[in-house]
file protein-v3.cif (mmCIF, C-alpha atoms)
data_query
#
loop_
_atom_site.label_atom_id
_atom_site.label_comp_id
_atom_site.auth_asym_id
_atom_site.auth_seq_id
_atom_site.Cartn_x
_atom_site.Cartn_y
_atom_site.Cartn_z
CA ASN A 1 195.46 -47.89 -38.41
CA THR A 2 196.22 -45.71 -35.41
CA PRO A 3 194.75 -43.25 -34.63
CA PHE A 4 191.78 -44.27 -36.76
CA ARG A 5 189.10 -46.60 -35.47
CA GLU A 6 188.78 -50.27 -36.48
CA TYR A 7 190.48 -51.99 -39.44
CA LYS A 8 189.75 -53.95 -42.63
CA HIS A 9 186.23 -55.43 -42.85
CA TRP A 10 184.73 -52.43 -41.02
CA VAL A 11 183.75 -49.12 -42.62
CA HIS A 12 184.92 -46.88 -39.81
CA GLU A 13 187.91 -44.76 -40.83
CA GLY A 14 190.48 -47.43 -39.95
CA GLY A 15 188.86 -49.81 -42.40
CA ILE A 16 188.40 -47.52 -45.40
CA SER A 17 191.04 -44.79 -45.28
CA THR A 18 194.15 -44.80 -47.42
CA PRO A 19 196.22 -41.95 -48.87
CA LEU A 20 196.10 -41.28 -52.60
CA ILE A 21 199.31 -40.25 -54.34
CA VAL A 22 198.95 -38.83 -57.85
CA HIS A 23 201.93 -38.04 -60.10
CA TRP A 24 201.08 -35.63 -62.91
CA PRO A 25 203.80 -32.97 -63.44
CA ASP A 26 202.05 -31.38 -66.42
CA GLY A 27 198.72 -31.20 -64.64
CA PHE A 28 199.66 -29.76 -61.24
CA THR A 29 200.56 -26.20 -60.34
CA ARG A 30 200.33 -26.68 -56.56
CA LYS A 31 203.38 -27.84 -54.61
CA ASN A 32 203.93 -29.17 -51.10
CA GLU A 33 200.23 -29.11 -50.24
CA LEU A 34 198.05 -31.83 -48.71
CA GLU A 35 194.58 -32.04 -50.28
CA ARG A 36 191.91 -33.21 -47.83
CA THR A 37 188.99 -33.66 -50.22
CA PRO A 38 187.32 -37.02 -49.46
CA SER A 39 187.26 -39.39 -52.41
CA HIS A 40 186.44 -42.99 -53.23
CA LEU A 41 187.88 -45.77 -55.37
CA ILE A 42 185.07 -45.21 -57.90
CA ASP A 43 186.52 -41.73 -58.56
CA ILE A 44 189.67 -43.18 -60.16
CA MET A 45 187.78 -44.24 -63.28
CA ALA A 46 185.93 -40.91 -63.48
CA THR A 47 189.23 -39.03 -63.16
CA CYS A 48 190.91 -41.08 -65.91
CA VAL A 49 187.94 -40.55 -68.22
CA ASP A 50 188.06 -36.80 -67.54
CA VAL A 51 191.82 -36.41 -68.01
CA SER A 52 191.90 -38.48 -71.20
CA GLY A 53 188.83 -36.88 -72.74
CA ALA A 54 187.34 -40.33 -73.21
CA GLU A 55 183.66 -41.29 -73.19
CA TYR A 56 182.53 -43.90 -70.70
CA PRO A 57 180.84 -46.81 -72.54
CA LYS A 58 177.29 -48.03 -72.01
CA THR A 59 177.89 -51.63 -73.10
CA ALA A 60 180.70 -54.19 -73.08
CA HIS A 61 181.39 -57.54 -74.77
CA GLY A 62 179.00 -56.72 -77.57
CA ASP A 63 175.64 -55.66 -76.17
CA GLU A 64 176.10 -56.49 -72.48
CA ALA A 65 174.86 -53.45 -70.54
CA ILE A 66 177.12 -52.08 -67.81
CA HIS A 67 176.30 -49.83 -64.88
CA PRO A 68 176.67 -46.09 -65.48
CA MET A 69 179.77 -44.49 -63.98
CA GLU A 70 179.03 -43.17 -60.49
CA GLY A 71 182.39 -41.71 -59.48
CA ARG A 72 183.39 -38.06 -59.70
CA SER A 73 186.48 -36.63 -61.37
CA LEU A 74 189.14 -35.52 -58.88
CA VAL A 75 190.64 -33.00 -61.31
CA PRO A 76 188.98 -30.07 -59.46
CA ALA A 77 190.56 -31.28 -56.20
CA PHE A 78 194.00 -31.26 -57.84
CA ALA A 79 193.53 -27.52 -58.27
CA GLY A 80 192.18 -27.01 -54.75
CA LYS A 81 188.58 -26.72 -55.91
CA THR A 82 185.45 -28.50 -54.70
CA VAL A 83 184.43 -31.89 -56.07
CA GLU A 84 180.65 -31.68 -56.43
CA ARG A 85 178.87 -34.80 -55.22
CA ASP A 86 175.74 -35.83 -53.36
CA ALA A 87 177.31 -38.39 -51.03
CA ILE A 88 179.83 -41.21 -50.71
CA TYR A 89 178.45 -44.63 -49.76
CA TRP A 90 179.93 -47.81 -48.29
CA GLU A 91 178.70 -51.31 -47.50
CA HIS A 92 180.80 -54.35 -46.70
CA GLU A 93 179.32 -57.55 -45.25
CA GLY A 94 176.53 -55.57 -43.61
CA ASN A 95 178.74 -52.77 -42.31
CA ARG A 96 177.33 -49.46 -43.55
CA ALA A 97 178.40 -45.84 -43.96
CA ILE A 98 177.57 -42.64 -45.80
CA ARG A 99 179.53 -39.38 -45.98
CA VAL A 100 177.69 -36.12 -46.74
CA GLY A 101 179.82 -33.02 -46.38
CA ASP A 102 181.48 -33.07 -42.95
CA TRP A 103 179.05 -35.66 -41.55
CA LYS A 104 179.69 -39.39 -41.59
CA LEU A 105 177.02 -41.90 -40.57
CA VAL A 106 178.36 -45.39 -39.87
CA ALA A 107 177.19 -48.67 -38.34
CA LYS A 108 178.63 -52.09 -37.56
CA GLY A 109 176.66 -54.92 -39.11
CA ALA A 110 173.15 -54.95 -40.51
CA LYS A 111 171.30 -54.45 -37.22
CA SER A 112 173.46 -52.05 -35.17
CA ASP A 113 172.42 -48.47 -34.48
CA TRP A 114 173.82 -45.69 -36.61
CA GLU A 115 176.70 -43.57 -35.27
CA LEU A 116 177.24 -39.98 -36.40
CA TYR A 117 180.59 -38.18 -36.52
CA ASP A 118 181.83 -34.72 -37.50
CA ILE A 119 184.84 -35.96 -39.44
CA PRO A 120 186.91 -32.75 -39.81
CA HIS A 121 186.83 -32.35 -36.02
CA ASP A 122 186.73 -36.03 -35.03
CA ARG A 123 188.52 -38.14 -37.62
CA SER A 124 189.15 -40.90 -35.08
CA GLU A 125 185.37 -41.25 -34.55
CA MET A 126 185.43 -41.02 -30.77
CA HIS A 127 182.41 -38.75 -30.19
CA ASN A 128 179.11 -40.17 -31.44
CA LEU A 129 176.75 -37.25 -32.11
CA ALA A 130 173.74 -39.30 -33.24
CA ALA A 131 171.64 -38.64 -30.14
CA MET A 132 172.19 -34.89 -30.48
CA ASN A 133 171.30 -34.79 -34.19
CA PRO A 134 168.35 -37.14 -34.82
CA LYS A 135 167.21 -35.22 -37.89
CA VAL A 136 170.62 -35.57 -39.55
CA VAL A 137 170.63 -39.30 -38.75
CA ALA A 138 167.14 -39.75 -40.20
CA GLU A 139 167.96 -37.89 -43.41
CA MET A 140 171.30 -39.61 -43.99
CA SER A 141 170.05 -43.09 -43.14
CA ALA A 142 167.12 -42.64 -45.55
CA LYS A 143 169.58 -41.57 -48.24
CA TRP A 144 171.73 -44.65 -47.55
CA ASP A 145 168.70 -46.96 -47.69
CA SER A 146 167.66 -45.49 -51.03
CA TRP A 147 171.15 -46.01 -52.44
CA ALA A 148 171.36 -49.54 -51.01
CA THR A 149 168.18 -50.55 -52.81
CA ARG A 150 169.25 -48.94 -56.09
CA ALA A 151 172.75 -50.45 -55.88
CA LEU A 152 171.30 -53.90 -55.07
CA VAL A 153 172.98 -53.97 -51.67
CA LYS A 154 169.53 -54.65 -50.23
CA PRO A 155 167.69 -56.90 -49.76
CA TRP A 156 170.50 -58.54 -47.81
CA PRO A 157 171.92 -61.69 -49.42
CA TRP A 158 171.40 -63.68 -46.24
CA ASP A 159 168.09 -64.64 -44.64
CA ASN A 160 165.21 -62.40 -43.57
CA ASP A 161 166.70 -61.96 -40.11
CA PRO A 162 170.09 -60.30 -40.61
CA HIS A 163 172.55 -61.49 -38.00
CA GLY A 164 174.29 -58.13 -37.79
CA ASP A 165 177.65 -59.77 -38.44
CA GLY A 166 177.41 -59.90 -42.22
CA LYS A 167 177.41 -63.70 -42.34
CA ALA A 168 175.17 -65.43 -44.84
CA SER A 169 172.66 -68.02 -43.72
CA LYS A 170 173.70 -71.62 -44.25
CA ILE A 171 172.91 -73.41 -47.46
CA SER A 172 171.55 -76.92 -47.47
CA ARG A 173 174.46 -79.38 -47.44
CA LYS A 174 172.35 -82.54 -47.68
CA LYS A 175 169.31 -81.69 -49.80
CA THR A 176 169.73 -82.52 -53.50
CA LYS A 177 166.27 -81.85 -54.97
CA PHE A 178 164.47 -78.50 -55.03
CA ARG A 179 161.02 -77.86 -56.52
CA LEU A 180 159.78 -74.29 -56.94
CA SER A 181 156.70 -72.63 -58.38
CA GLN A 182 156.75 -69.51 -60.55
CA GLY A 183 157.53 -66.44 -58.44
CA GLU A 184 158.95 -68.50 -55.56
CA GLU A 185 162.22 -67.42 -53.94
CA LEU A 186 164.26 -69.78 -51.75
CA LYS A 187 166.14 -67.46 -49.37
CA THR A 188 167.40 -70.11 -46.93
CA GLY A 189 168.43 -73.71 -47.37
CA GLY A 190 169.38 -73.19 -51.00
CA PRO A 191 171.29 -75.68 -53.15
CA ASP A 192 174.99 -76.26 -52.48
CA ILE A 193 175.79 -76.04 -56.16
CA GLY A 194 179.50 -75.15 -56.05
CA GLY A 195 181.61 -77.68 -57.92
CA ARG A 196 178.65 -79.94 -58.71
CA GLY A 197 176.78 -80.91 -61.83
CA PHE A 198 173.01 -80.49 -61.88
CA SER A 199 169.84 -80.99 -63.88
CA VAL A 200 166.84 -78.68 -64.23
CA GLU A 201 163.41 -79.59 -65.54
CA ALA A 202 160.80 -76.87 -66.03
CA ARG A 203 157.23 -77.60 -67.04
CA ILE A 204 156.08 -74.58 -69.06
CA THR A 205 152.40 -74.22 -69.87
CA LYS A 206 152.68 -70.94 -71.78
CA ALA A 207 155.78 -69.80 -73.68
CA GLY A 208 157.34 -66.44 -72.91
CA LYS A 209 160.57 -64.58 -72.31
CA GLY A 210 162.39 -64.19 -69.02
CA VAL A 211 164.09 -66.12 -66.24
CA ILE A 212 163.11 -69.72 -65.56
CA LEU A 213 165.56 -70.36 -62.70
CA ALA A 214 168.43 -68.26 -61.33
CA GLN A 215 170.83 -68.20 -58.42
CA GLY A 216 173.67 -65.76 -57.77
CA GLY A 217 174.68 -62.48 -59.37
CA VAL A 218 177.50 -60.65 -61.12
CA ASN A 219 180.33 -62.45 -59.30
CA HIS A 220 179.16 -66.04 -59.02
CA GLY A 221 175.87 -67.27 -60.37
CA TRP A 222 173.90 -69.07 -63.02
CA ALA A 223 170.60 -68.66 -64.79
CA ILE A 224 168.33 -70.41 -67.27
CA TYR A 225 166.16 -68.05 -69.27
CA PHE A 226 164.45 -67.35 -72.58
CA ASP A 227 166.38 -64.53 -74.23
CA GLU A 228 164.72 -61.11 -74.50
CA LYS A 229 165.64 -60.66 -78.17
CA THR A 230 165.68 -64.16 -79.67
CA GLY A 231 163.23 -65.92 -77.37
CA LEU A 232 165.61 -68.90 -77.34
CA PRO A 233 166.48 -70.95 -74.23
CA THR A 234 169.77 -69.66 -72.83
CA VAL A 235 172.11 -70.68 -70.01
CA ALA A 236 174.35 -68.17 -68.21
CA LEU A 237 177.26 -69.17 -65.98
CA ARG A 238 179.32 -66.68 -63.98
CA ARG A 239 182.59 -67.65 -62.32
CA GLY A 240 184.59 -64.93 -60.60
CA GLY A 241 182.69 -62.25 -62.50
CA LYS A 242 183.35 -63.77 -65.94
CA LEU A 243 180.15 -64.48 -67.86
CA GLU A 244 179.71 -67.50 -70.13
CA THR A 245 176.48 -67.54 -72.17
CA LEU A 246 175.21 -70.45 -74.25
CA SER A 247 172.04 -70.22 -76.36
CA ALA A 248 170.07 -72.59 -78.53
CA LYS A 249 170.75 -72.37 -82.24
CA GLU A 250 168.73 -69.94 -84.31
CA GLY A 251 165.63 -71.63 -85.67
CA ALA A 252 165.09 -73.80 -82.61
CA ALA A 253 161.35 -73.24 -82.60
CA LEU A 254 159.46 -73.65 -79.33
CA PRO A 255 156.88 -76.44 -79.18
CA GLU A 256 153.23 -75.49 -79.53
CA GLY A 257 151.30 -75.72 -76.28
CA PRO A 258 152.79 -76.90 -72.97
CA PHE A 259 156.34 -78.26 -73.07
CA THR A 260 159.23 -79.27 -70.82
CA LEU A 261 162.55 -77.43 -70.78
CA GLY A 262 165.40 -79.64 -69.65
CA VAL A 263 168.93 -78.46 -68.84
CA ARG A 264 171.81 -80.70 -67.83
CA LEU A 265 175.24 -79.38 -66.76
CA ALA A 266 177.67 -82.18 -65.96
CA LYS A 267 180.66 -81.76 -63.66
CA SER A 268 182.81 -82.25 -66.76
CA GLY A 269 181.31 -79.06 -68.21
CA ALA A 270 179.15 -80.78 -70.82
CA LEU A 271 175.90 -78.85 -71.30
CA THR A 272 172.70 -80.19 -72.87
CA VAL A 273 169.46 -78.24 -73.34
CA LYS A 274 166.25 -79.95 -74.46
CA LEU A 275 162.77 -78.84 -75.47
CA ASP A 276 160.72 -81.92 -74.64
CA ASP A 277 162.88 -84.70 -76.14
CA ARG A 278 164.51 -82.50 -78.78
CA VAL A 279 168.12 -81.44 -78.10
CA VAL A 280 168.60 -77.75 -79.00
CA THR A 281 171.98 -77.14 -77.36
CA GLU A 282 175.00 -79.38 -76.86
CA SER A 283 178.19 -77.64 -75.81
CA SER A 284 181.27 -77.72 -73.63
CA THR A 285 181.53 -75.12 -70.88
CA GLY A 286 184.08 -74.12 -68.29
CA GLY A 287 182.36 -76.48 -65.88
CA PRO A 288 180.10 -75.90 -62.90
CA LEU A 289 180.43 -72.91 -60.61
CA THR A 290 183.54 -72.92 -58.44
CA GLN A 291 181.58 -71.81 -55.38
CA THR A 292 177.97 -71.63 -54.23
CA PRO A 293 176.32 -68.20 -54.70
CA LEU A 294 174.82 -66.42 -51.70
CA ASP A 295 171.83 -65.01 -53.58
CA PRO A 296 168.49 -66.84 -53.29
CA LEU A 297 167.32 -69.47 -55.75
CA CYS A 298 164.51 -67.85 -57.78
CA ALA A 299 161.94 -69.34 -60.14
CA GLY A 300 160.44 -67.11 -62.82
CA PHE A 301 162.59 -64.05 -62.00
CA ASP A 302 165.99 -62.96 -60.62
CA SER A 303 165.72 -61.11 -57.30
CA ASN A 304 169.16 -59.48 -57.08
CA ASP A 305 172.03 -58.70 -59.48
CA PRO A 306 171.36 -60.32 -62.87
CA ALA A 307 173.28 -63.59 -63.18
CA GLY A 308 173.03 -63.33 -66.97
CA ASN A 309 172.92 -60.64 -69.64
CA TYR A 310 169.30 -59.64 -69.16
CA PRO A 311 167.35 -56.78 -67.53
CA GLN A 312 166.92 -56.44 -63.78
CA SER A 313 164.51 -59.08 -62.40
CA PHE A 314 163.49 -60.20 -65.95
CA GLY A 315 160.30 -61.90 -64.83
CA PHE A 316 159.07 -64.69 -67.08
CA SER A 317 156.20 -63.46 -69.27
CA GLY A 318 154.74 -66.93 -69.78
CA SER A 319 153.55 -69.53 -67.27
CA ILE A 320 155.61 -72.08 -65.35
CA GLU A 321 153.80 -74.96 -63.70
CA ALA A 322 156.87 -76.03 -61.71
CA VAL A 323 160.64 -76.15 -62.00
CA THR A 324 162.82 -78.81 -60.36
CA LEU A 325 166.57 -78.65 -59.69
CA THR A 326 168.42 -81.89 -58.95
CA LEU A 327 172.04 -81.82 -57.78
CA ASP A 328 174.55 -84.52 -58.63
CA PRO A 329 176.10 -86.28 -55.61
CA ALA A 330 178.92 -84.29 -54.01
CA GLY A 331 182.49 -85.38 -54.60
#
call {"tool": "encode", "arguments": {"input": "protein-v3.cif", "output": "structure tokens"}}
result
Amino acid sequence: NTPFREYKHWVHEGGISTPLIVHWPDGFTRKNELERTPSHLIDIMATCVDVSGAEYPKTAHGDEAIHPMEGRSLVPAFAGKTVERDAIYWEHEGNRAIRVGDWKLVAKGAKSDWELYDIPHDRSEMHNLAAMNPKVVAEMSAKWDSWATRALVKPWPWDNDPHGDGKASKISRKKTKFRLSQGEELKTGGPDIGGRGFSVEARITKAGKGVILAQGGVNHGWAIYFDEKTGLPTVALRRGGKLETLSAKEGAALPEGPFTLGVRLAKSGALTVKLDDRVVTESSTGGPLTQTPLDPLCAGFDSNDPAGNYPQSFGFSGSIEAVTLTLDPAG
């Protein structure tokens, strides 16, 4: 990475910089020129959409909503023109950075002080100008914090006291039973659910729509919820970003008055969903999660990225007396 600072894992220049080579004979008129416009991986999609004249979709796999495109087309840069953008943002395991114009604000870990560099004149990030430009630091750090909240980078997926090294707090290796109330979020000592079967029992005193229990997000996670459209009990399982959704059959009416929702996922992948003693779903799945999610275990809502195909947070509109998760023995 010489002469740039740091390497992979960090978001100083040595950890994030790579040249981009584009071959497009019919689209270029410039020759033997090096374009120094800063860009990001997210710009590749935006550029392809622009060049092809395509329209970026709003949904995928039927009606599953996807995030709007945030990159910028690099076509203007190919012609030596300016790529209009507000900022470029980074976060990796707590390491943070934002680039606005010539300024780059960067920090190691979740607790370290911000460093400020004038990149065109100090690409190797040797001269920290933060102390000389407190207003710039304040403005850029506020912009980064706003983006981090919107992009679900924050709150941090570890405990309430970030270590500064990007390491998640330990999950509970021995505990097998977890009881939560509606609105409760277990940020530390969560269930070690990777590779294990489990059972969930939720005592519901008032029917509604929304999340009953969730853990994880768009990469690895699972959720039990009552679907926003059908109102039916639904189980979502995400493994390596791939979503598997299983819902009760149409016409599976909810019991009148208080009832118990029971969900059983065996290590074999067999899934059973019950309303009181009535089985409403029996299906084979791809099995339990391959690894334990870092996101908190939440009852009655989903605090971070949605583990299933439902709106952000998706708080349960009814009433949950208590929900209990029981893990199968490890091994």
call {"tool": "residues_around", "arguments": {"input": "protein-v3.cif", "residues": "Phe259 (chain A)", "least_positions_apart": "6", "cutoff": "9 Å", "atoms": "all atoms listed in the file", "output": "PyMOL selection string"}}
result
chain A and resi 202-207+275-276
call {"tool": "write_last_selection", "arguments": {"input": "protein-v3.cif", "atoms": "C-alpha atoms", "output": "PDB file, keeping the file's coordinate frame"}}
result
ATOM      1  CA  ALA A 202     160.800 -76.870 -66.030  1.00  0.00           C
ATOM      2  CA  ARG A 203     157.230 -77.600 -67.040  1.00  0.00           C
ATOM      3  CA  ILE A 204     156.080 -74.580 -69.060  1.00  0.00           C
ATOM      4  CA  THR A 205     152.400 -74.220 -69.870  1.00  0.00           C
ATOM      5  CA  LYS A 206     152.680 -70.940 -71.780  1.00  0.00           C
ATOM      6  CA  ALA A 207     155.780 -69.800 -73.680  1.00  0.00           C
ATOM      7  CA  LEU A 275     162.770 -78.840 -75.470  1.00  0.00           C
ATOM      8  CA  ASP A 276     160.720 -81.920 -74.640  1.00  0.00           C
TER       9      ASP A 276
END
call {"tool": "atom_distance", "arguments": {"input": "protein-v3.cif", "atom1": "CA of Ser247 (chain A)", "atom2": "CA of Val280 (chain A)"}}
result
8.7 Å
call {"tool": "axis_aligned_box", "arguments": {"input": "protein-v3.cif", "around": "region 250-268 of chain A", "padding_each_side": "5 Å", "output": "lines of an AutoDock Vina configuration file"}}
result
center_x = 167.1
center_y = -76.1
center_z = -74.7
size_x = 41.5
size_y = 22.3
size_z = 32.0
call {"tool": "atom_distance", "arguments": {"input": "protein-v3.cif", "atom1": "CA of Ala270 (chain A)", "atom2": "CA of Ser199 (chain A)"}}
result
11.6 Å
call {"tool": "closest_residue", "arguments": {"input": "protein-v3.cif", "among": "A:Gly194, A:Gly101, A:Gly308, A:Gly318", "to": "Leu246 (chain A)", "atoms": "all atoms listed in the file"}}
result
A:Gly308
call {"tool": "closest_residue", "arguments": {"input": "protein-v3.cif", "among": "A:Ile193, A:Leu261, A:Ala299, A:Ala151", "to": "Pro329 (chain A)", "atoms": "all atoms listed in the file"}}
result
A:Ile193
call {"tool": "atom_distance", "arguments": {"input": "protein-v3.cif", "atom1": "CA of Asp118 (chain A)", "atom2": "CA of Val153 (chain A)"}}
result
25.5 Å
call {"tool": "residues_near_point", "arguments": {"input": "protein-v3.cif", "point": "(161.5, -70.0, -62.9)", "cutoff": "12 Å", "atoms": "all atoms listed in the file", "output": "VMD selection string"}}
result
chain A and resid 178 to 186 200 to 204 208 to 215 223 to 226 261 297 to 303 313 to 325
call {"tool": "closest_residue", "arguments": {"input": "protein-v3.cif", "among": "A:Glu115, A:Glu84, A:Glu282, A:Glu70", "to": "Gly269 (chain A)", "atoms": "only C-alpha atoms"}}
result
A:Glu282
call {"tool": "resolve_selection", "arguments": {"input": "protein-v3.cif", "expression": "the PyMOL selection byres ((chain A and resi 125) around 12)", "output": "list in words"}}
result
Thr2, Pro3, Phe4, Arg5, Glu6, Val11, His12, Glu13, Gly14, Trp103, Lys104, Leu105, Val106, Ala107, Glu115, Leu116, Tyr117, Asp118, Ile119, Pro120, His121, Asp122, Arg123, Ser124, Met126, His127, Asn128, Leu129 and Ala130 of chain A
call {"tool": "resolve_selection", "arguments": {"input": "protein-v3.cif", "expression": "the PyMOL selection byres ((chain A and resi 39) around 12)", "output": "ChimeraX atom specification"}}
result
/A:16-20,35-38,40-47,71-78,82-85,87-90,99-101
call {"tool": "write_last_selection", "arguments": {"input": "protein-v3.cif", "atoms": "C-alpha atoms", "output": "short mmCIF file (atom, residue, chain, number, x, y, z; two decimals), keeping the file's coordinate frame"}}
result
data_model
loop_
_atom_site.label_atom_id
_atom_site.label_comp_id
_atom_site.auth_asym_id
_atom_site.auth_seq_id
_atom_site.Cartn_x
_atom_site.Cartn_y
_atom_site.Cartn_z
CA ILE A 16 188.40 -47.52 -45.40
CA SER A 17 191.04 -44.79 -45.28
CA THR A 18 194.15 -44.80 -47.42
CA PRO A 19 196.22 -41.95 -48.87
CA LEU A 20 196.10 -41.28 -52.60
CA GLU A 35 194.58 -32.04 -50.28
CA ARG A 36 191.91 -33.21 -47.83
CA THR A 37 188.99 -33.66 -50.22
CA PRO A 38 187.32 -37.02 -49.46
CA HIS A 40 186.44 -42.99 -53.23
CA LEU A 41 187.88 -45.77 -55.37
CA ILE A 42 185.07 -45.21 -57.90
CA ASP A 43 186.52 -41.73 -58.56
CA ILE A 44 189.67 -43.18 -60.16
CA MET A 45 187.78 -44.24 -63.28
CA ALA A 46 185.93 -40.91 -63.48
CA THR A 47 189.23 -39.03 -63.16
CA GLY A 71 182.39 -41.71 -59.48
CA ARG A 72 183.39 -38.06 -59.70
CA SER A 73 186.48 -36.63 -61.37
CA LEU A 74 189.14 -35.52 -58.88
CA VAL A 75 190.64 -33.00 -61.31
CA PRO A 76 188.98 -30.07 -59.46
CA ALA A 77 190.56 -31.28 -56.20
CA PHE A 78 194.00 -31.26 -57.84
CA THR A 82 185.45 -28.50 -54.70
CA VAL A 83 184.43 -31.89 -56.07
CA GLU A 84 180.65 -31.68 -56.43
CA ARG A 85 178.87 -34.80 -55.22
CA ALA A 87 177.31 -38.39 -51.03
CA ILE A 88 179.83 -41.21 -50.71
CA TYR A 89 178.45 -44.63 -49.76
CA TRP A 90 179.93 -47.81 -48.29
CA ARG A 99 179.53 -39.38 -45.98
CA VAL A 100 177.69 -36.12 -46.74
CA GLY A 101 179.82 -33.02 -46.38
#
call {"tool": "resolve_selection", "arguments": {"input": "protein-v3.cif", "expression": "the PyMOL selection byres ((chain A and resi 142-148) around 9)", "output": "ChimeraX atom specification"}}
result
/A:87,89-91,96-98,137-141,149-155
call {"tool": "decode", "arguments": {"input": "protein-v3.cif", "residues": "region 206-247 of chain A", "atoms": "C-alpha atoms", "output": "PDB file, in the first residue's frame"}}
result
ATOM      1  CA  LYS A 206     -54.161  -8.830  21.518  1.00  0.00           C
ATOM      2  CA  ALA A 207     -53.715  -9.738  17.846  1.00  0.00           C
ATOM      3  CA  GLY A 208     -51.883  -7.380  15.525  1.00  0.00           C
ATOM      4  CA  LYS A 209     -49.306  -7.091  12.776  1.00  0.00           C
ATOM      5  CA  GLY A 210     -45.570  -6.750  13.199  1.00  0.00           C
ATOM      6  CA  VAL A 211     -42.496  -8.464  14.601  1.00  0.00           C
ATOM      7  CA  ILE A 212     -42.838 -10.929  17.466  1.00  0.00           C
ATOM      8  CA  LEU A 213     -39.151 -11.858  17.760  1.00  0.00           C
ATOM      9  CA  ALA A 214     -36.163 -11.007  15.555  1.00  0.00           C
ATOM     10  CA  GLN A 215     -32.395 -11.303  15.547  1.00  0.00           C
ATOM     11  CA  GLY A 216     -29.973 -10.338  12.791  1.00  0.00           C
ATOM     12  CA  GLY A 217     -30.362  -8.403   9.562  1.00  0.00           C
ATOM     13  CA  VAL A 218     -29.902  -8.545   5.807  1.00  0.00           C
ATOM     14  CA  ASN A 219     -26.904 -10.909   5.866  1.00  0.00           C
ATOM     15  CA  HIS A 220     -27.675 -13.379   8.635  1.00  0.00           C
ATOM     16  CA  GLY A 221     -30.834 -13.282  10.681  1.00  0.00           C
ATOM     17  CA  TRP A 222     -34.279 -14.609  11.437  1.00  0.00           C
ATOM     18  CA  ALA A 223     -37.637 -13.211  12.422  1.00  0.00           C
ATOM     19  CA  ILE A 224     -41.113 -14.311  13.439  1.00  0.00           C
ATOM     20  CA  TYR A 225     -43.819 -11.816  12.555  1.00  0.00           C
ATOM     21  CA  PHE A 226     -47.415 -11.291  11.491  1.00  0.00           C
ATOM     22  CA  ASP A 227     -47.334 -10.167   7.870  1.00  0.00           C
ATOM     23  CA  GLU A 228     -48.261  -6.560   7.066  1.00  0.00           C
ATOM     24  CA  LYS A 229     -50.583  -7.523   4.199  1.00  0.00           C
ATOM     25  CA  THR A 230     -52.037 -10.910   5.138  1.00  0.00           C
ATOM     26  CA  GLY A 231     -51.834 -10.729   8.927  1.00  0.00           C
ATOM     27  CA  LEU A 232     -50.624 -14.344   8.901  1.00  0.00           C
ATOM     28  CA  PRO A 233     -47.802 -15.700  11.085  1.00  0.00           C
ATOM     29  CA  THR A 234     -44.599 -15.730   9.036  1.00  0.00           C
ATOM     30  CA  VAL A 235     -41.039 -16.946   9.580  1.00  0.00           C
ATOM     31  CA  ALA A 236     -38.052 -15.352   7.811  1.00  0.00           C
ATOM     32  CA  LEU A 237     -34.609 -16.961   7.648  1.00  0.00           C
ATOM     33  CA  ARG A 238     -31.571 -15.253   6.115  1.00  0.00           C
ATOM     34  CA  ARG A 239     -28.374 -17.139   5.378  1.00  0.00           C
ATOM     35  CA  GLY A 240     -25.570 -15.283   3.616  1.00  0.00           C
ATOM     36  CA  GLY A 241     -28.005 -12.620   2.446  1.00  0.00           C
ATOM     37  CA  LYS A 242     -30.468 -15.087   0.888  1.00  0.00           C
ATOM     38  CA  LEU A 243     -33.976 -14.736   2.299  1.00  0.00           C
ATOM     39  CA  GLU A 244     -36.292 -17.690   2.882  1.00  0.00           C
ATOM     40  CA  THR A 245     -39.862 -16.790   3.899  1.00  0.00           C
ATOM     41  CA  LEU A 246     -42.521 -19.227   5.079  1.00  0.00           C
ATOM     42  CA  SER A 247     -46.082 -18.133   5.881  1.00  0.00           C
TER      43      SER A 247
END
